[in-house]
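Asks: Data: run-v3.cif, mmCIF, N, CA and C atoms; chains and numbers go by the auth columns.
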data_my_file
#
loop_
_atom_site.group_PDB
_atom_site.id
_atom_site.type_symbol
_atom_site.label_atom_id
_atom_site.label_comp_id
_atom_site.label_asym_id
_atom_site.label_seq_id
_atom_site.Cartn_x
_atom_site.Cartn_y
_atom_site.Cartn_z
_atom_site.B_iso_or_equiv
_atom_site.auth_seq_id
_atom_site.auth_asym_id
ATOM 1 N N MET A 1 0.844 -1.166 0.000 0.00 11 A
ATOM 2 C CA MET A 1 0.000 0.000 0.000 0.00 11 A
ATOM 3 C C MET A 1 0.898 1.241 0.000 0.00 11 A
ATOM 4 N N ASN A 2 0.625 2.175 -0.895 0.00 12 A
ATOM 5 C CA ASN A 2 1.314 3.464 -0.951 0.00 12 A
ATOM 6 C C ASN A 2 0.342 4.547 -0.510 0.00 12 A
ATOM 7 N N LEU A 3 0.830 5.479 0.303 0.00 13 A
ATOM 8 C CA LEU A 3 -0.009 6.573 0.785 0.00 13 A
ATOM 9 C C LEU A 3 0.422 7.881 0.145 0.00 13 A
ATOM 10 N N LEU A 4 -0.542 8.681 -0.256 0.00 14 A
ATOM 11 C CA LEU A 4 -0.298 10.053 -0.675 0.00 14 A
ATOM 12 C C LEU A 4 -1.018 10.943 0.329 0.00 14 A
ATOM 13 N N LEU A 5 -0.244 11.700 1.097 0.00 15 A
ATOM 14 C CA LEU A 5 -0.812 12.601 2.094 0.00 15 A
ATOM 15 C C LEU A 5 -0.923 13.988 1.474 0.00 15 A
ATOM 16 N N VAL A 6 -2.139 14.447 1.269 0.00 16 A
ATOM 17 C CA VAL A 6 -2.364 15.771 0.690 0.00 16 A
ATOM 18 C C VAL A 6 -2.386 16.767 1.852 0.00 16 A
ATOM 19 N N ASN A 7 -1.402 17.631 1.856 0.00 17 A
ATOM 20 C CA ASN A 7 -1.134 18.500 2.987 0.00 17 A
ATOM 21 C C ASN A 7 -1.272 19.968 2.564 0.00 17 A
ATOM 22 N N PRO A 8 -2.066 20.769 3.279 0.00 18 A
ATOM 23 C CA PRO A 8 -2.227 22.171 2.901 0.00 18 A
ATOM 24 C C PRO A 8 -1.169 23.100 3.498 0.00 18 A
ATOM 25 N N TYR A 9 -0.295 22.566 4.358 0.00 19 A
ATOM 26 C CA TYR A 9 0.649 23.414 5.093 0.00 19 A
ATOM 27 C C TYR A 9 2.001 23.501 4.412 0.00 19 A
ATOM 28 N N ASP A 10 2.663 24.655 4.560 0.00 20 A
ATOM 29 C CA ASP A 10 4.004 24.799 3.999 0.00 20 A
ATOM 30 C C ASP A 10 5.016 24.038 4.863 0.00 20 A
ATOM 31 N N TYR A 11 6.244 23.977 4.373 0.00 21 A
ATOM 32 C CA TYR A 11 7.283 23.179 5.023 0.00 21 A
ATOM 33 C C TYR A 11 7.524 23.613 6.470 0.00 21 A
ATOM 34 N N ARG A 12 7.610 24.919 6.719 0.00 22 A
ATOM 35 C CA ARG A 12 7.867 25.399 8.087 0.00 22 A
ATOM 36 C C ARG A 12 6.747 25.007 9.043 0.00 22 A
ATOM 37 N N THR A 13 5.510 25.050 8.562 0.00 23 A
ATOM 38 C CA THR A 13 4.382 24.661 9.406 0.00 23 A
ATOM 39 C C THR A 13 4.422 23.171 9.697 0.00 23 A
ATOM 40 N N VAL A 14 4.777 22.377 8.715 0.00 24 A
ATOM 41 C CA VAL A 14 4.908 20.933 8.921 0.00 24 A
ATOM 42 C C VAL A 14 5.977 20.663 9.983 0.00 24 A
ATOM 43 N N GLN A 15 7.105 21.346 9.896 0.00 25 A
ATOM 44 C CA GLN A 15 8.206 21.121 10.824 0.00 25 A
ATOM 45 C C GLN A 15 7.878 21.567 12.249 0.00 25 A
ATOM 46 N N SER A 16 6.882 22.408 12.425 0.00 26 A
ATOM 47 C CA SER A 16 6.513 22.856 13.770 0.00 26 A
ATOM 48 C C SER A 16 5.286 22.118 14.302 0.00 26 A
ATOM 49 N N ASN A 17 4.856 21.067 13.622 0.00 27 A
ATOM 50 C CA ASN A 17 3.680 20.302 14.035 0.00 27 A
ATOM 51 C C ASN A 17 4.142 18.952 14.603 0.00 27 A
ATOM 52 N N PRO A 18 4.246 18.816 15.921 0.00 28 A
ATOM 53 C CA PRO A 18 4.775 17.578 16.498 0.00 28 A
ATOM 54 C C PRO A 18 3.921 16.355 16.199 0.00 28 A
ATOM 55 N N GLY A 19 2.613 16.528 16.107 0.00 29 A
ATOM 56 C CA GLY A 19 1.753 15.378 15.800 0.00 29 A
ATOM 57 C C GLY A 19 1.992 14.840 14.406 0.00 29 A
ATOM 58 N N LEU A 20 2.116 15.741 13.438 0.00 30 A
ATOM 59 C CA LEU A 20 2.370 15.331 12.060 0.00 30 A
ATOM 60 C C LEU A 20 3.755 14.703 11.928 0.00 30 A
ATOM 61 N N LEU A 21 4.757 15.302 12.564 0.00 31 A
ATOM 62 C CA LEU A 21 6.104 14.727 12.506 0.00 31 A
ATOM 63 C C LEU A 21 6.152 13.350 13.159 0.00 31 A
ATOM 64 N N SER A 22 5.427 13.177 14.251 0.00 32 A
ATOM 65 C CA SER A 22 5.363 11.877 14.908 0.00 32 A
ATOM 66 C C SER A 22 4.737 10.839 13.980 0.00 32 A
ATOM 67 N N PHE A 23 3.668 11.242 13.288 0.00 33 A
ATOM 68 C CA PHE A 23 3.020 10.348 12.330 0.00 33 A
ATOM 69 C C PHE A 23 3.984 9.949 11.209 0.00 33 A
ATOM 70 N N LEU A 24 4.751 10.909 10.682 0.00 34 A
ATOM 71 C CA LEU A 24 5.729 10.601 9.634 0.00 34 A
ATOM 72 C C LEU A 24 6.815 9.666 10.149 0.00 34 A
ATOM 73 N N HIS A 25 7.235 9.842 11.396 0.00 35 A
ATOM 74 C CA HIS A 25 8.228 8.941 11.992 0.00 35 A
ATOM 75 C C HIS A 25 7.675 7.512 12.092 0.00 35 A
ATOM 76 N N VAL A 26 6.406 7.382 12.437 0.00 36 A
ATOM 77 C CA VAL A 26 5.783 6.054 12.506 0.00 36 A
ATOM 78 C C VAL A 26 5.761 5.415 11.120 0.00 36 A
ATOM 79 N N LEU A 27 5.368 6.186 10.098 0.00 37 A
ATOM 80 C CA LEU A 27 5.365 5.641 8.735 0.00 37 A
ATOM 81 C C LEU A 27 6.761 5.183 8.335 0.00 37 A
ATOM 82 N N GLU A 28 7.780 6.003 8.657 0.00 38 A
ATOM 83 C CA GLU A 28 9.166 5.642 8.335 0.00 38 A
ATOM 84 C C GLU A 28 9.577 4.374 9.073 0.00 38 A
ATOM 85 N N SER A 29 9.295 4.303 10.357 0.00 39 A
ATOM 86 C CA SER A 29 9.732 3.149 11.152 0.00 39 A
ATOM 87 C C SER A 29 9.021 1.871 10.746 0.00 39 A
ATOM 88 N N GLU A 30 7.784 1.988 10.314 0.00 40 A
ATOM 89 C CA GLU A 30 7.024 0.809 9.866 0.00 40 A
ATOM 90 C C GLU A 30 7.280 0.482 8.393 0.00 40 A
ATOM 91 N N LYS A 31 8.116 1.298 7.746 0.00 41 A
ATOM 92 C CA LYS A 31 8.465 1.110 6.332 0.00 41 A
ATOM 93 C C LYS A 31 7.234 1.114 5.425 0.00 41 A
ATOM 94 N N ILE A 32 6.304 2.013 5.734 0.00 42 A
ATOM 95 C CA ILE A 32 5.107 2.198 4.918 0.00 42 A
ATOM 96 C C ILE A 32 5.431 3.252 3.867 0.00 42 A
ATOM 97 N N PRO A 33 5.360 2.912 2.580 0.00 43 A
ATOM 98 C CA PRO A 33 5.678 3.892 1.531 0.00 43 A
ATOM 99 C C PRO A 33 4.644 5.007 1.475 0.00 43 A
ATOM 100 N N TYR A 34 5.139 6.235 1.443 0.00 44 A
ATOM 101 C CA TYR A 34 4.254 7.387 1.412 0.00 44 A
ATOM 102 C C TYR A 34 4.969 8.553 0.740 0.00 44 A
ATOM 103 N N ALA A 35 4.174 9.543 0.387 0.00 45 A
ATOM 104 C CA ALA A 35 4.667 10.844 -0.058 0.00 45 A
ATOM 105 C C ALA A 35 3.665 11.863 0.454 0.00 45 A
ATOM 106 N N MET A 36 4.165 13.061 0.782 0.00 46 A
ATOM 107 C CA MET A 36 3.292 14.110 1.288 0.00 46 A
ATOM 108 C C MET A 36 3.516 15.381 0.485 0.00 46 A
ATOM 109 N N THR A 37 2.417 15.976 0.031 0.00 47 A
ATOM 110 C CA THR A 37 2.519 17.228 -0.712 0.00 47 A
ATOM 111 C C THR A 37 2.831 18.373 0.252 0.00 47 A
ATOM 112 N N VAL A 38 3.661 19.306 -0.208 0.00 48 A
ATOM 113 C CA VAL A 38 3.993 20.509 0.558 0.00 48 A
ATOM 114 C C VAL A 38 4.033 21.665 -0.435 0.00 48 A
ATOM 115 N N PRO A 39 3.154 22.673 -0.253 0.00 49 A
ATOM 116 C CA PRO A 39 3.194 23.826 -1.162 0.00 49 A
ATOM 117 C C PRO A 39 4.450 24.655 -0.929 0.00 49 A
ATOM 118 N N GLY A 40 5.062 25.078 -2.009 0.00 50 A
ATOM 119 C CA GLY A 40 6.267 25.897 -1.908 0.00 50 A
ATOM 120 C C GLY A 40 7.516 25.053 -1.763 0.00 50 A
ATOM 121 N N PRO A 41 8.659 25.706 -1.533 0.00 51 A
ATOM 122 C CA PRO A 41 9.937 24.991 -1.446 0.00 51 A
ATOM 123 C C PRO A 41 10.047 24.150 -0.178 0.00 51 A
ATOM 124 N N VAL A 42 10.768 23.044 -0.291 0.00 52 A
ATOM 125 C CA VAL A 42 10.985 22.151 0.853 0.00 52 A
ATOM 126 C C VAL A 42 12.467 21.847 0.999 0.00 52 A
ATOM 127 N N SER A 43 12.833 21.452 2.195 0.00 53 A
ATOM 128 C CA SER A 43 14.182 20.986 2.469 0.00 53 A
ATOM 129 C C SER A 43 14.128 19.467 2.523 0.00 53 A
ATOM 130 N N ARG A 44 15.101 18.814 1.982 0.00 54 A
ATOM 131 C CA ARG A 44 15.134 17.349 2.017 0.00 54 A
ATOM 132 C C ARG A 44 15.706 16.917 3.364 0.00 54 A
ATOM 133 N N ASP A 45 14.866 16.324 4.202 0.00 55 A
ATOM 134 C CA ASP A 45 15.318 15.942 5.535 0.00 55 A
ATOM 135 C C ASP A 45 15.005 14.487 5.856 0.00 55 A
ATOM 136 N N GLY A 46 14.915 13.656 4.837 0.00 56 A
ATOM 137 C CA GLY A 46 14.652 12.249 5.076 0.00 56 A
ATOM 138 C C GLY A 46 13.213 11.851 4.806 0.00 56 A
ATOM 139 N N PHE A 47 12.281 12.780 4.990 0.00 57 A
ATOM 140 C CA PHE A 47 10.899 12.466 4.686 0.00 57 A
ATOM 141 C C PHE A 47 10.662 12.622 3.192 0.00 57 A
ATOM 142 N N LYS A 48 9.595 12.036 2.714 0.00 58 A
ATOM 143 C CA LYS A 48 9.292 12.034 1.280 0.00 58 A
ATOM 144 C C LYS A 48 8.264 13.120 0.967 0.00 58 A
ATOM 145 N N TYR A 49 8.762 14.307 0.648 0.00 59 A
ATOM 146 C CA TYR A 49 7.894 15.433 0.316 0.00 59 A
ATOM 147 C C TYR A 49 7.806 15.605 -1.193 0.00 59 A
ATOM 148 N N LEU A 50 6.614 15.964 -1.660 0.00 60 A
ATOM 149 C CA LEU A 50 6.412 16.336 -3.049 0.00 60 A
ATOM 150 C C LEU A 50 6.185 17.837 -3.082 0.00 60 A
ATOM 151 N N GLU A 51 7.117 18.570 -3.651 0.00 61 A
ATOM 152 C CA GLU A 51 7.009 20.019 -3.708 0.00 61 A
ATOM 153 C C GLU A 51 5.942 20.409 -4.722 0.00 61 A
ATOM 154 N N MET A 52 4.985 21.187 -4.266 0.00 62 A
ATOM 155 C CA MET A 52 3.893 21.642 -5.113 0.00 62 A
ATOM 156 C C MET A 52 4.016 23.149 -5.307 0.00 62 A
ATOM 157 N N PRO A 53 3.382 23.702 -6.340 0.00 63 A
ATOM 158 C CA PRO A 53 3.384 25.163 -6.488 0.00 63 A
ATOM 159 C C PRO A 53 2.782 25.808 -5.244 0.00 63 A
ATOM 160 N N ALA A 54 3.323 26.948 -4.837 0.00 64 A
ATOM 161 C CA ALA A 54 2.811 27.642 -3.655 0.00 64 A
ATOM 162 C C ALA A 54 1.342 27.997 -3.827 0.00 64 A
ATOM 163 N N ASN A 55 0.933 28.333 -5.043 0.00 65 A
ATOM 164 C CA ASN A 55 -0.462 28.645 -5.345 0.00 65 A
ATOM 165 C C ASN A 55 -0.997 27.501 -6.195 0.00 65 A
ATOM 166 N N THR A 56 -1.672 26.557 -5.571 0.00 66 A
ATOM 167 C CA THR A 56 -2.132 25.362 -6.293 0.00 66 A
ATOM 168 C C THR A 56 -3.246 25.635 -7.288 0.00 66 A
ATOM 169 N N VAL A 57 -3.855 26.812 -7.238 0.00 67 A
ATOM 170 C CA VAL A 57 -4.884 27.135 -8.224 0.00 67 A
ATOM 171 C C VAL A 57 -4.293 27.841 -9.437 0.00 67 A
ATOM 172 N N ASP A 58 -2.971 28.043 -9.435 0.00 68 A
ATOM 173 C CA ASP A 58 -2.282 28.687 -10.563 0.00 68 A
ATOM 174 C C ASP A 58 -2.131 27.670 -11.692 0.00 68 A
ATOM 175 N N VAL A 59 -3.001 27.738 -12.675 0.00 69 A
ATOM 176 C CA VAL A 59 -2.985 26.766 -13.773 0.00 69 A
ATOM 177 C C VAL A 59 -1.816 26.998 -14.732 0.00 69 A
ATOM 178 N N GLU A 60 -1.162 28.143 -14.649 0.00 70 A
ATOM 179 C CA GLU A 60 -0.028 28.441 -15.522 0.00 70 A
ATOM 180 C C GLU A 60 1.260 27.785 -15.025 0.00 70 A
ATOM 181 N N SER A 61 1.302 27.434 -13.761 0.00 71 A
ATOM 182 C CA SER A 61 2.514 26.866 -13.167 0.00 71 A
ATOM 183 C C SER A 61 2.619 25.389 -13.530 0.00 71 A
ATOM 184 N N ASP A 62 3.806 24.978 -13.965 0.00 72 A
ATOM 185 C CA ASP A 62 3.996 23.565 -14.308 0.00 72 A
ATOM 186 C C ASP A 62 5.308 23.029 -13.733 0.00 72 A
ATOM 187 N N ASN A 63 5.805 23.608 -12.648 0.00 73 A
ATOM 188 C CA ASN A 63 7.068 23.129 -12.115 0.00 73 A
ATOM 189 C C ASN A 63 6.881 22.301 -10.850 0.00 73 A
ATOM 190 N N VAL A 64 6.072 21.284 -10.918 0.00 74 A
ATOM 191 C CA VAL A 64 5.873 20.382 -9.795 0.00 74 A
ATOM 192 C C VAL A 64 7.040 19.403 -9.760 0.00 74 A
ATOM 193 N N ALA A 65 7.746 19.367 -8.662 0.00 75 A
ATOM 194 C CA ALA A 65 8.887 18.450 -8.524 0.00 75 A
ATOM 195 C C ALA A 65 8.382 17.049 -8.226 0.00 75 A
ATOM 196 N N SER A 66 9.145 16.058 -8.656 0.00 76 A
ATOM 197 C CA SER A 66 8.744 14.673 -8.349 0.00 76 A
ATOM 198 C C SER A 66 9.774 14.000 -7.502 0.00 76 A
#
Could you quickly redo this structure as structure tokens?
Replies:
Amino acid sequence: MNLLLVNPYDYRTVQSNPGLLSFLHVLESEKIPYAMTVPGPVSRDGFKYLEMPANTVDVESDNVAS
């Protein structure tokens, strides 16, 4: 099973949310494959983030990182 976590929060907000970080640690420790969307730029810190455009309703933007 692969999980896609659709997340409305930017990277800094994710990093300051202990409940969400704890959940990601559980997924990592249980070796459950997942990816989580994060609007705007992200830092690679071991978790599997999918960088999304900061404005997701911007139909002109096509630089979604994979």
Asks: Could you list, as a list in words, every residue within 7 Å of Glu61 (chain A), counting only C-alpha atoms and ignoring same-chain residues fewer than 2 positions away?
Replies: Thr47, Val48, Pro49, Gly50, Pro51, Val52, Tyr59, Pro63, Val74 and Ala75 of chain A
Asks: Given the selection you just returned, output its residues as a file containing N, CA and C atoms, formatted as a short mmCIF file (atom, residue, chain, number, x, y, z; two decimals), keeping the file's coordinate frame.
Replies:
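Final output, saved to out_20.cif:
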data_model
loop_
_atom_site.label_atom_id
_atom_site.label_comp_id
_atom_site.auth_asym_id
_atom_site.auth_seq_id
_atom_site.Cartn_x
_atom_site.Cartn_y
_atom_site.Cartn_z
N THR A 47 2.42 15.98 0.03
CA THR A 47 2.52 17.23 -0.71
C THR A 47 2.83 18.37 0.25
N VAL A 48 3.66 19.31 -0.21
CA VAL A 48 3.99 20.51 0.56
C VAL A 48 4.03 21.66 -0.44
N PRO A 49 3.15 22.67 -0.25
CA PRO A 49 3.19 23.83 -1.16
C PRO A 49 4.45 24.66 -0.93
N GLY A 50 5.06 25.08 -2.01
CA GLY A 50 6.27 25.90 -1.91
C GLY A 50 7.52 25.05 -1.76
N PRO A 51 8.66 25.71 -1.53
CA PRO A 51 9.94 24.99 -1.45
C PRO A 51 10.05 24.15 -0.18
N VAL A 52 10.77 23.04 -0.29
CA VAL A 52 10.98 22.15 0.85
C VAL A 52 12.47 21.85 1.00
N TYR A 59 8.76 14.31 0.65
CA TYR A 59 7.89 15.43 0.32
C TYR A 59 7.81 15.60 -1.19
N PRO A 63 3.38 23.70 -6.34
CA PRO A 63 3.38 25.16 -6.49
C PRO A 63 2.78 25.81 -5.24
N VAL A 74 6.07 21.28 -10.92
CA VAL A 74 5.87 20.38 -9.80
C VAL A 74 7.04 19.40 -9.76
N ALA A 75 7.75 19.37 -8.66
CA ALA A 75 8.89 18.45 -8.52
C ALA A 75 8.38 17.05 -8.23
#
Asks: Quick one: residues within 8 Å of region 38-42 of chain A, only C-alpha atoms, excluding same-chain residues fewer than 2 positions away - as a count of residues only?
Replies: 8
Asks: I'd like the interatomic distance between atom C of Val16 (chain A) and atom N of Asp55 (chain A), to a tenth of an Å.
Replies: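 So the two atoms, atom C of Val16 (chain A) and atom N of Asp55 (chain A), lie 17.4 Å apart.
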Asks: Skip Ser53 (chain A) itself and residues of its chain fewer than 6 positions away, then list as JSON, numbers by chain all residues within 12 Å of it, counting only C-alpha atoms.
Replies: {"A": [20, 21, 22, 24, 25, 59, 60, 61]}
Asks: Can those selected residues be exported to a file as a tab-separated table (two decimals), in the coordinates of the input so that it contains N, CA and C atoms?
Replies:
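The resulting file, selection01.tsv, is shown below:
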chain	number	residue	atom	x	y	z
A	20	ASP	N	2.66	24.66	4.56
A	20	ASP	CA	4.00	24.80	4.00
A	20	ASP	C	5.02	24.04	4.86
A	21	TYR	N	6.24	23.98	4.37
A	21	TYR	CA	7.28	23.18	5.02
A	21	TYR	C	7.52	23.61	6.47
A	22	ARG	N	7.61	24.92	6.72
A	22	ARG	CA	7.87	25.40	8.09
A	22	ARG	C	6.75	25.01	9.04
A	24	VAL	N	4.78	22.38	8.72
A	24	VAL	CA	4.91	20.93	8.92
A	24	VAL	C	5.98	20.66	9.98
A	25	GLN	N	7.10	21.35	9.90
A	25	GLN	CA	8.21	21.12	10.82
A	25	GLN	C	7.88	21.57	12.25
A	59	TYR	N	8.76	14.31	0.65
A	59	TYR	CA	7.89	15.43	0.32
A	59	TYR	C	7.81	15.60	-1.19
A	60	LEU	N	6.61	15.96	-1.66
A	60	LEU	CA	6.41	16.34	-3.05
A	60	LEU	C	6.18	17.84	-3.08
A	61	GLU	N	7.12	18.57	-3.65
A	61	GLU	CA	7.01	20.02	-3.71
A	61	GLU	C	5.94	20.41	-4.72
Asks: Produce the centre coordinates and the three edge lengths, each in Å to one decimal, of the box along x, y and z that contains all listed atoms of region 11-27 of chain A with 6 Å added on each side, as lines of an AutoDock Vina configuration file.
Replies:
center_x = 2.9
center_y = 12.1
center_z = 6.8
size_x = 22.6
size_y = 38.6
size_z = 27.6
Asks: Among the residues of region 12-73 of chain A, find those DSSP assigns to strand (DSSP E or B) from the backbone and print them as a ChimeraX atom specification.
Replies: /A:13-15,44-49,59-62
Asks: Could you write out that same residue set with N, CA and C atoms as a PDB file, in the coordinates of the input?
Replies:
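What landed in out.pdb:
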ATOM      1  N   LEU A  13       0.830   5.479   0.303  1.00  0.00           N
ATOM      2  CA  LEU A  13      -0.009   6.573   0.785  1.00  0.00           C
ATOM      3  C   LEU A  13       0.422   7.881   0.145  1.00  0.00           C
ATOM      4  N   LEU A  14      -0.542   8.681  -0.256  1.00  0.00           N
ATOM      5  CA  LEU A  14      -0.298  10.053  -0.675  1.00  0.00           C
ATOM      6  C   LEU A  14      -1.018  10.943   0.329  1.00  0.00           C
ATOM      7  N   LEU A  15      -0.244  11.700   1.097  1.00  0.00           N
ATOM      8  CA  LEU A  15      -0.812  12.601   2.094  1.00  0.00           C
ATOM      9  C   LEU A  15      -0.923  13.988   1.474  1.00  0.00           C
ATOM     10  N   TYR A  44       5.139   6.235   1.443  1.00  0.00           N
ATOM     11  CA  TYR A  44       4.254   7.387   1.412  1.00  0.00           C
ATOM     12  C   TYR A  44       4.969   8.553   0.740  1.00  0.00           C
ATOM     13  N   ALA A  45       4.174   9.543   0.387  1.00  0.00           N
ATOM     14  CA  ALA A  45       4.667  10.844  -0.058  1.00  0.00           C
ATOM     15  C   ALA A  45       3.665  11.863   0.454  1.00  0.00           C
ATOM     16  N   MET A  46       4.165  13.061   0.782  1.00  0.00           N
ATOM     17  CA  MET A  46       3.292  14.110   1.288  1.00  0.00           C
ATOM     18  C   MET A  46       3.516  15.381   0.485  1.00  0.00           C
ATOM     19  N   THR A  47       2.417  15.976   0.031  1.00  0.00           N
ATOM     20  CA  THR A  47       2.519  17.228  -0.712  1.00  0.00           C
ATOM     21  C   THR A  47       2.831  18.373   0.252  1.00  0.00           C
ATOM     22  N   VAL A  48       3.661  19.306  -0.208  1.00  0.00           N
ATOM     23  CA  VAL A  48       3.993  20.509   0.558  1.00  0.00           C
ATOM     24  C   VAL A  48       4.033  21.665  -0.435  1.00  0.00           C
ATOM     25  N   PRO A  49       3.154  22.673  -0.253  1.00  0.00           N
ATOM     26  CA  PRO A  49       3.194  23.826  -1.162  1.00  0.00           C
ATOM     27  C   PRO A  49       4.450  24.655  -0.929  1.00  0.00           C
ATOM     28  N   TYR A  59       8.762  14.307   0.648  1.00  0.00           N
ATOM     29  CA  TYR A  59       7.894  15.433   0.316  1.00  0.00           C
ATOM     30  C   TYR A  59       7.806  15.605  -1.193  1.00  0.00           C
ATOM     31  N   LEU A  60       6.614  15.964  -1.660  1.00  0.00           N
ATOM     32  CA  LEU A  60       6.412  16.336  -3.049  1.00  0.00           C
ATOM     33  C   LEU A  60       6.185  17.837  -3.082  1.00  0.00           C
ATOM     34  N   GLU A  61       7.117  18.570  -3.651  1.00  0.00           N
ATOM     35  CA  GLU A  61       7.009  20.019  -3.708  1.00  0.00           C
ATOM     36  C   GLU A  61       5.942  20.409  -4.722  1.00  0.00           C
ATOM     37  N   MET A  62       4.985  21.187  -4.266  1.00  0.00           N
ATOM     38  CA  MET A  62       3.893  21.642  -5.113  1.00  0.00           C
ATOM     39  C   MET A  62       4.016  23.149  -5.307  1.00  0.00           C
TER      40      MET A  62
END
